file input-v3.cif (mmCIF, C-alpha atoms)
data_run
loop_
_atom_site.group_PDB
_atom_site.id
_atom_site.type_symbol
_atom_site.label_atom_id
_atom_site.label_comp_id
_atom_site.auth_asym_id
_atom_site.auth_seq_id
_atom_site.Cartn_x
_atom_site.Cartn_y
_atom_site.Cartn_z
ATOM 1 C CA MET A 691 0.000 0.000 0.000
ATOM 2 C CA ALA A 692 1.336 3.424 -0.985
ATOM 3 C CA LEU A 693 1.976 6.113 1.555
ATOM 4 C CA PRO A 694 -0.730 8.802 1.684
ATOM 5 C CA GLN A 695 1.792 11.434 0.520
ATOM 6 C CA LEU A 696 2.760 9.311 -2.464
ATOM 7 C CA ARG A 697 -0.869 8.783 -3.410
ATOM 8 C CA ALA A 698 -1.492 12.545 -3.064
ATOM 9 C CA ALA A 699 1.491 13.261 -5.338
ATOM 10 C CA GLU A 700 0.188 10.791 -7.928
ATOM 11 C CA ASN A 701 -3.265 12.399 -7.797
ATOM 12 C CA ALA A 702 -1.713 15.850 -8.220
ATOM 13 C CA LEU A 703 -0.039 14.672 -11.427
ATOM 14 C CA LEU A 704 -3.386 13.579 -12.810
ATOM 15 C CA VAL A 705 -4.813 17.122 -12.657
ATOM 16 C CA LEU A 706 -1.959 18.552 -14.731
ATOM 17 C CA ASP A 707 -2.322 18.912 -18.471
ATOM 18 C CA LYS A 708 -0.262 20.148 -21.404
ATOM 19 C CA ASN A 709 -1.586 23.724 -21.058
ATOM 20 C CA LYS A 710 -0.477 23.970 -17.441
ATOM 21 C CA LEU A 711 2.977 22.685 -18.327
ATOM 22 C CA THR A 712 3.202 25.197 -21.173
ATOM 23 C CA GLU A 713 2.256 27.976 -18.756
ATOM 24 C CA LEU A 714 5.076 26.901 -16.423
ATOM 25 C CA LYS A 715 7.531 26.703 -19.302
ATOM 26 C CA THR A 716 6.853 30.288 -20.361
ATOM 27 C CA MET A 717 7.560 31.756 -16.919
ATOM 28 C CA MET A 718 10.714 33.853 -16.984
ATOM 29 C CA ASN A 719 11.106 34.044 -13.212
ATOM 30 C CA PRO A 720 8.769 31.553 -11.494
ATOM 31 C CA PRO A 721 8.114 31.544 -7.739
ATOM 32 C CA LEU A 722 10.740 29.819 -5.598
ATOM 33 C CA ALA A 723 8.371 26.932 -4.788
ATOM 34 C CA VAL A 724 7.948 26.186 -8.515
ATOM 35 C CA LYS A 725 11.715 26.290 -9.039
ATOM 36 C CA LEU A 726 12.333 23.930 -6.130
ATOM 37 C CA VAL A 727 9.718 21.413 -7.254
ATOM 38 C CA MET A 728 11.063 21.448 -10.793
ATOM 39 C CA GLN A 729 14.633 21.066 -9.525
ATOM 40 C CA GLY A 730 13.443 17.937 -7.706
ATOM 41 C CA VAL A 731 11.828 16.647 -10.894
ATOM 42 C CA CYS A 732 15.078 17.313 -12.764
ATOM 43 C CA LEU A 733 17.069 15.437 -10.138
ATOM 44 C CA LEU A 734 14.783 12.433 -10.562
ATOM 45 C CA ILE A 735 14.684 12.400 -14.348
ATOM 46 C CA ASP A 736 17.961 13.993 -15.454
ATOM 47 C CA PRO A 737 20.331 14.434 -12.478
ATOM 48 C CA GLN A 738 23.213 15.711 -14.651
ATOM 49 C CA PRO A 739 21.664 18.396 -16.889
ATOM 50 C CA LYS A 740 23.807 20.135 -19.486
ATOM 51 C CA GLU A 741 22.438 23.614 -18.786
ATOM 52 C CA LYS A 742 25.055 25.736 -17.022
ATOM 53 C CA VAL A 743 25.300 29.388 -16.036
ATOM 54 C CA LYS A 744 28.143 31.438 -14.568
ATOM 55 C CA ASN A 745 27.529 32.516 -10.975
ATOM 56 C CA GLU A 746 28.297 36.251 -10.896
ATOM 57 C CA LYS A 747 29.488 36.095 -7.268
ATOM 58 C CA THR A 748 31.799 33.088 -7.459
ATOM 59 C CA LEU A 749 32.483 33.193 -11.220
ATOM 60 C CA LYS A 750 32.048 29.411 -11.269
ATOM 61 C CA MET A 751 29.827 27.488 -13.642
ATOM 62 C CA GLU A 752 26.747 26.098 -11.911
ATOM 63 C CA THR A 753 23.772 24.062 -13.019
ATOM 64 C CA ASP A 754 20.951 26.244 -14.316
ATOM 65 C CA TRP A 755 18.067 24.225 -12.875
ATOM 66 C CA TRP A 756 15.369 26.433 -14.343
ATOM 67 C CA ALA A 757 16.780 26.073 -17.881
ATOM 68 C CA ALA A 758 16.931 22.305 -17.322
ATOM 69 C CA SER A 759 13.338 22.438 -16.058
ATOM 70 C CA VAL A 760 12.154 24.310 -19.146
ATOM 71 C CA ARG A 761 13.782 21.642 -21.328
ATOM 72 C CA LEU A 762 12.001 18.895 -19.361
ATOM 73 C CA LEU A 763 8.696 20.763 -19.560
ATOM 74 C CA GLY A 764 9.071 20.713 -23.336
ATOM 75 C CA ASN A 765 9.024 16.907 -23.339
ATOM 76 C CA PRO A 766 5.536 15.836 -24.518
ATOM 77 C CA LYS A 767 5.867 12.590 -22.533
ATOM 78 C CA LEU A 768 6.815 14.263 -19.242
ATOM 79 C CA LEU A 769 3.508 13.690 -17.459
ATOM 80 C CA ASN A 770 3.361 10.074 -18.583
ATOM 81 C CA ASN A 771 6.989 9.549 -17.496
ATOM 82 C CA LEU A 772 6.219 10.974 -14.055
ATOM 83 C CA VAL A 773 3.081 8.871 -13.594
ATOM 84 C CA GLU A 774 4.955 5.732 -14.627
ATOM 85 C CA PHE A 775 8.105 6.607 -12.663
ATOM 86 C CA ASP A 776 9.324 3.642 -10.597
ATOM 87 C CA LYS A 777 8.759 4.863 -7.074
#

call {"tool": "encode", "arguments": {"input": "input-v3.cif", "output": "C-alpha cells"}}
result
Amino acid sequence: MALPQLRAAENALLVLDKNKLTELKTMMNPPLAVKLVMQGVCLLIDPQPKEKVKNEKTLKMETDWWAASVRLLGNPKLLNNLVEFDK
C-alpha cells in the first residue's frame, strides 16, 4: 500500500495537463516553490543536466536548474513519465 503522501502526489499529477505545463515553461522568473519542485523533478529524471550558467558572485559554472526544467517541460511525454516513474 502506498503512503498517503505518495498517493497525493500521484493524484496531483493527474490534474496537470499540457496547457499547465506550457504555462510553467513560459515563466521567466517563477516563484521559488515552482523552481524547487522542478529542480526535484530534474534530479529524478535527469540528475546531470547540461544547462550551465556562470555565478556572478563566485564566477564558477553552476547548473541552471530552471533552464533544465524548461527543457524537461518541453518533453511531450513528461507527465506520462512521471506517472509511470518507478517509485

call {"tool": "resolve_selection", "arguments": {"input": "input-v3.cif", "expression": "the PyMOL selection byres ((chain A and resi 731-745) around 9)", "output": "VMD selection string"}}
result
chain A and resid 726 to 730 746 to 759 762 771 to 772 775

call {"tool": "atom_distance", "arguments": {"input": "input-v3.cif", "atom1": "CA of Lys715 (chain A)", "atom2": "CA of Leu768 (chain A)"}}
result
12.5 Å

call {"tool": "resolve_selection", "arguments": {"input": "input-v3.cif", "expression": "the PyMOL selection byres ((chain A and resi 700) around 12)", "output": "number ranges by chain"}}
result
A: 692-699, 701-706, 769-777

call {"tool": "resolve_selection", "arguments": {"input": "input-v3.cif", "expression": "the PyMOL selection byres ((chain A and resi 712) around 12)", "output": "list in words"}}
result
Leu706, Asp707, Lys708, Asn709, Lys710, Leu711, Glu713, Leu714, Lys715, Thr716, Met717, Ser759, Val760, Arg761, Leu762, Leu763, Gly764, Asn765, Pro766 and Leu768 of chain A

call {"tool": "axis_aligned_box", "arguments": {"input": "input-v3.cif", "around": "region 703-719 of chain A", "padding_each_side": "4 Å", "output": "AutoDock Vina command-line options"}}
result
--center_x 3.1 --center_y 23.8 --center_z -16.4 --size_x 23.9 --size_y 28.5 --size_z 18.0

call {"tool": "decode", "arguments": {"input": "input-v3.cif", "residues": "region 762-773 of chain A", "atoms": "all heavy atoms", "output": "PDB file, in the first residue's frame"}}
result
ATOM      1  N   LEU A 762      12.843  20.029 -19.745  1.00  0.00           N
ATOM      2  CA  LEU A 762      12.001  18.895 -19.361  1.00  0.00           C
ATOM      3  C   LEU A 762      10.530  19.179 -19.637  1.00  0.00           C
ATOM      4  O   LEU A 762       9.792  18.300 -20.077  1.00  0.00           O
ATOM      5  CB  LEU A 762      12.168  18.567 -17.880  1.00  0.00           C
ATOM      6  CG  LEU A 762      13.375  17.750 -17.486  1.00  0.00           C
ATOM      7  CD1 LEU A 762      13.355  17.488 -15.981  1.00  0.00           C
ATOM      8  CD2 LEU A 762      13.454  16.456 -18.244  1.00  0.00           C
ATOM      9  N   LEU A 763      10.100  20.399 -19.339  1.00  0.00           N
ATOM     10  CA  LEU A 763       8.696  20.763 -19.560  1.00  0.00           C
ATOM     11  C   LEU A 763       8.330  20.720 -21.041  1.00  0.00           C
ATOM     12  O   LEU A 763       7.161  20.583 -21.380  1.00  0.00           O
ATOM     13  CB  LEU A 763       8.411  22.156 -18.982  1.00  0.00           C
ATOM     14  CG  LEU A 763       8.392  22.217 -17.454  1.00  0.00           C
ATOM     15  CD1 LEU A 763       8.440  23.671 -16.981  1.00  0.00           C
ATOM     16  CD2 LEU A 763       7.187  21.494 -16.896  1.00  0.00           C
ATOM     17  N   GLY A 764       9.312  20.801 -21.909  1.00  0.00           N
ATOM     18  CA  GLY A 764       9.071  20.713 -23.336  1.00  0.00           C
ATOM     19  C   GLY A 764       8.908  19.279 -23.831  1.00  0.00           C
ATOM     20  O   GLY A 764       8.526  19.063 -24.975  1.00  0.00           O
ATOM     21  N   ASN A 765       9.164  18.316 -22.970  1.00  0.00           N
ATOM     22  CA  ASN A 765       9.024  16.907 -23.339  1.00  0.00           C
ATOM     23  C   ASN A 765       7.542  16.538 -23.326  1.00  0.00           C
ATOM     24  O   ASN A 765       6.904  16.577 -22.282  1.00  0.00           O
ATOM     25  CB  ASN A 765       9.800  16.029 -22.356  1.00  0.00           C
ATOM     26  CG  ASN A 765       9.684  14.555 -22.649  1.00  0.00           C
ATOM     27  OD1 ASN A 765       8.925  14.128 -23.517  1.00  0.00           O
ATOM     28  ND2 ASN A 765      10.451  13.772 -21.918  1.00  0.00           N
ATOM     29  N   PRO A 766       6.969  16.160 -24.478  1.00  0.00           N
ATOM     30  CA  PRO A 766       5.536  15.836 -24.518  1.00  0.00           C
ATOM     31  C   PRO A 766       5.163  14.607 -23.685  1.00  0.00           C
ATOM     32  O   PRO A 766       4.001  14.421 -23.345  1.00  0.00           O
ATOM     33  CB  PRO A 766       5.249  15.606 -26.000  1.00  0.00           C
ATOM     34  CG  PRO A 766       6.574  15.402 -26.633  1.00  0.00           C
ATOM     35  CD  PRO A 766       7.604  16.050 -25.772  1.00  0.00           C
ATOM     36  N   LYS A 767       6.137  13.790 -23.324  1.00  0.00           N
ATOM     37  CA  LYS A 767       5.867  12.590 -22.533  1.00  0.00           C
ATOM     38  C   LYS A 767       6.165  12.783 -21.048  1.00  0.00           C
ATOM     39  O   LYS A 767       6.149  11.824 -20.282  1.00  0.00           O
ATOM     40  CB  LYS A 767       6.694  11.423 -23.062  1.00  0.00           C
ATOM     41  CG  LYS A 767       6.325  11.032 -24.479  1.00  0.00           C
ATOM     42  CD  LYS A 767       7.139   9.852 -24.925  1.00  0.00           C
ATOM     43  CE  LYS A 767       6.763   9.475 -26.355  1.00  0.00           C
ATOM     44  NZ  LYS A 767       7.510   8.307 -26.805  1.00  0.00           N
ATOM     45  N   LEU A 768       6.422  14.012 -20.624  1.00  0.00           N
ATOM     46  CA  LEU A 768       6.815  14.263 -19.242  1.00  0.00           C
ATOM     47  C   LEU A 768       5.785  13.754 -18.241  1.00  0.00           C
ATOM     48  O   LEU A 768       6.128  13.039 -17.297  1.00  0.00           O
ATOM     49  CB  LEU A 768       7.083  15.753 -19.004  1.00  0.00           C
ATOM     50  CG  LEU A 768       7.446  16.128 -17.567  1.00  0.00           C
ATOM     51  CD1 LEU A 768       8.734  15.443 -17.139  1.00  0.00           C
ATOM     52  CD2 LEU A 768       7.549  17.626 -17.406  1.00  0.00           C
ATOM     53  N   LEU A 769       4.518  14.121 -18.414  1.00  0.00           N
ATOM     54  CA  LEU A 769       3.508  13.690 -17.459  1.00  0.00           C
ATOM     55  C   LEU A 769       3.414  12.171 -17.391  1.00  0.00           C
ATOM     56  O   LEU A 769       3.358  11.593 -16.291  1.00  0.00           O
ATOM     57  CB  LEU A 769       2.135  14.279 -17.807  1.00  0.00           C
ATOM     58  CG  LEU A 769       1.958  15.744 -17.450  1.00  0.00           C
ATOM     59  CD1 LEU A 769       0.587  16.232 -17.936  1.00  0.00           C
ATOM     60  CD2 LEU A 769       2.085  15.965 -15.966  1.00  0.00           C
ATOM     61  N   ASN A 770       3.421  11.538 -18.540  1.00  0.00           N
ATOM     62  CA  ASN A 770       3.361  10.074 -18.583  1.00  0.00           C
ATOM     63  C   ASN A 770       4.581   9.477 -17.889  1.00  0.00           C
ATOM     64  O   ASN A 770       4.470   8.511 -17.129  1.00  0.00           O
ATOM     65  CB  ASN A 770       3.266   9.591 -20.022  1.00  0.00           C
ATOM     66  CG  ASN A 770       2.954   8.121 -20.105  1.00  0.00           C
ATOM     67  OD1 ASN A 770       2.083   7.628 -19.408  1.00  0.00           O
ATOM     68  ND2 ASN A 770       3.678   7.425 -20.953  1.00  0.00           N
ATOM     69  N   ASN A 771       5.771  10.040 -18.134  1.00  0.00           N
ATOM     70  CA  ASN A 771       6.989   9.549 -17.496  1.00  0.00           C
ATOM     71  C   ASN A 771       6.914   9.683 -15.978  1.00  0.00           C
ATOM     72  O   ASN A 771       7.364   8.805 -15.243  1.00  0.00           O
ATOM     73  CB  ASN A 771       8.209  10.297 -18.016  1.00  0.00           C
ATOM     74  CG  ASN A 771       8.526   9.973 -19.449  1.00  0.00           C
ATOM     75  OD1 ASN A 771       8.021   9.022 -20.010  1.00  0.00           O
ATOM     76  ND2 ASN A 771       9.365  10.781 -20.061  1.00  0.00           N
ATOM     77  N   LEU A 772       6.339  10.785 -15.504  1.00  0.00           N
ATOM     78  CA  LEU A 772       6.219  10.974 -14.055  1.00  0.00           C
ATOM     79  C   LEU A 772       5.206  10.022 -13.434  1.00  0.00           C
ATOM     80  O   LEU A 772       5.441   9.476 -12.353  1.00  0.00           O
ATOM     81  CB  LEU A 772       5.841  12.427 -13.743  1.00  0.00           C
ATOM     82  CG  LEU A 772       6.934  13.464 -14.038  1.00  0.00           C
ATOM     83  CD1 LEU A 772       6.380  14.862 -13.860  1.00  0.00           C
ATOM     84  CD2 LEU A 772       8.142  13.229 -13.152  1.00  0.00           C
ATOM     85  N   VAL A 773       4.088   9.795 -14.110  1.00  0.00           N
ATOM     86  CA  VAL A 773       3.081   8.871 -13.594  1.00  0.00           C
ATOM     87  C   VAL A 773       3.647   7.456 -13.534  1.00  0.00           C
ATOM     88  O   VAL A 773       3.407   6.716 -12.579  1.00  0.00           O
ATOM     89  CB  VAL A 773       1.792   8.932 -14.450  1.00  0.00           C
ATOM     90  CG1 VAL A 773       0.843   7.807 -14.089  1.00  0.00           C
ATOM     91  CG2 VAL A 773       1.111  10.283 -14.279  1.00  0.00           C
TER      92      VAL A 773
END
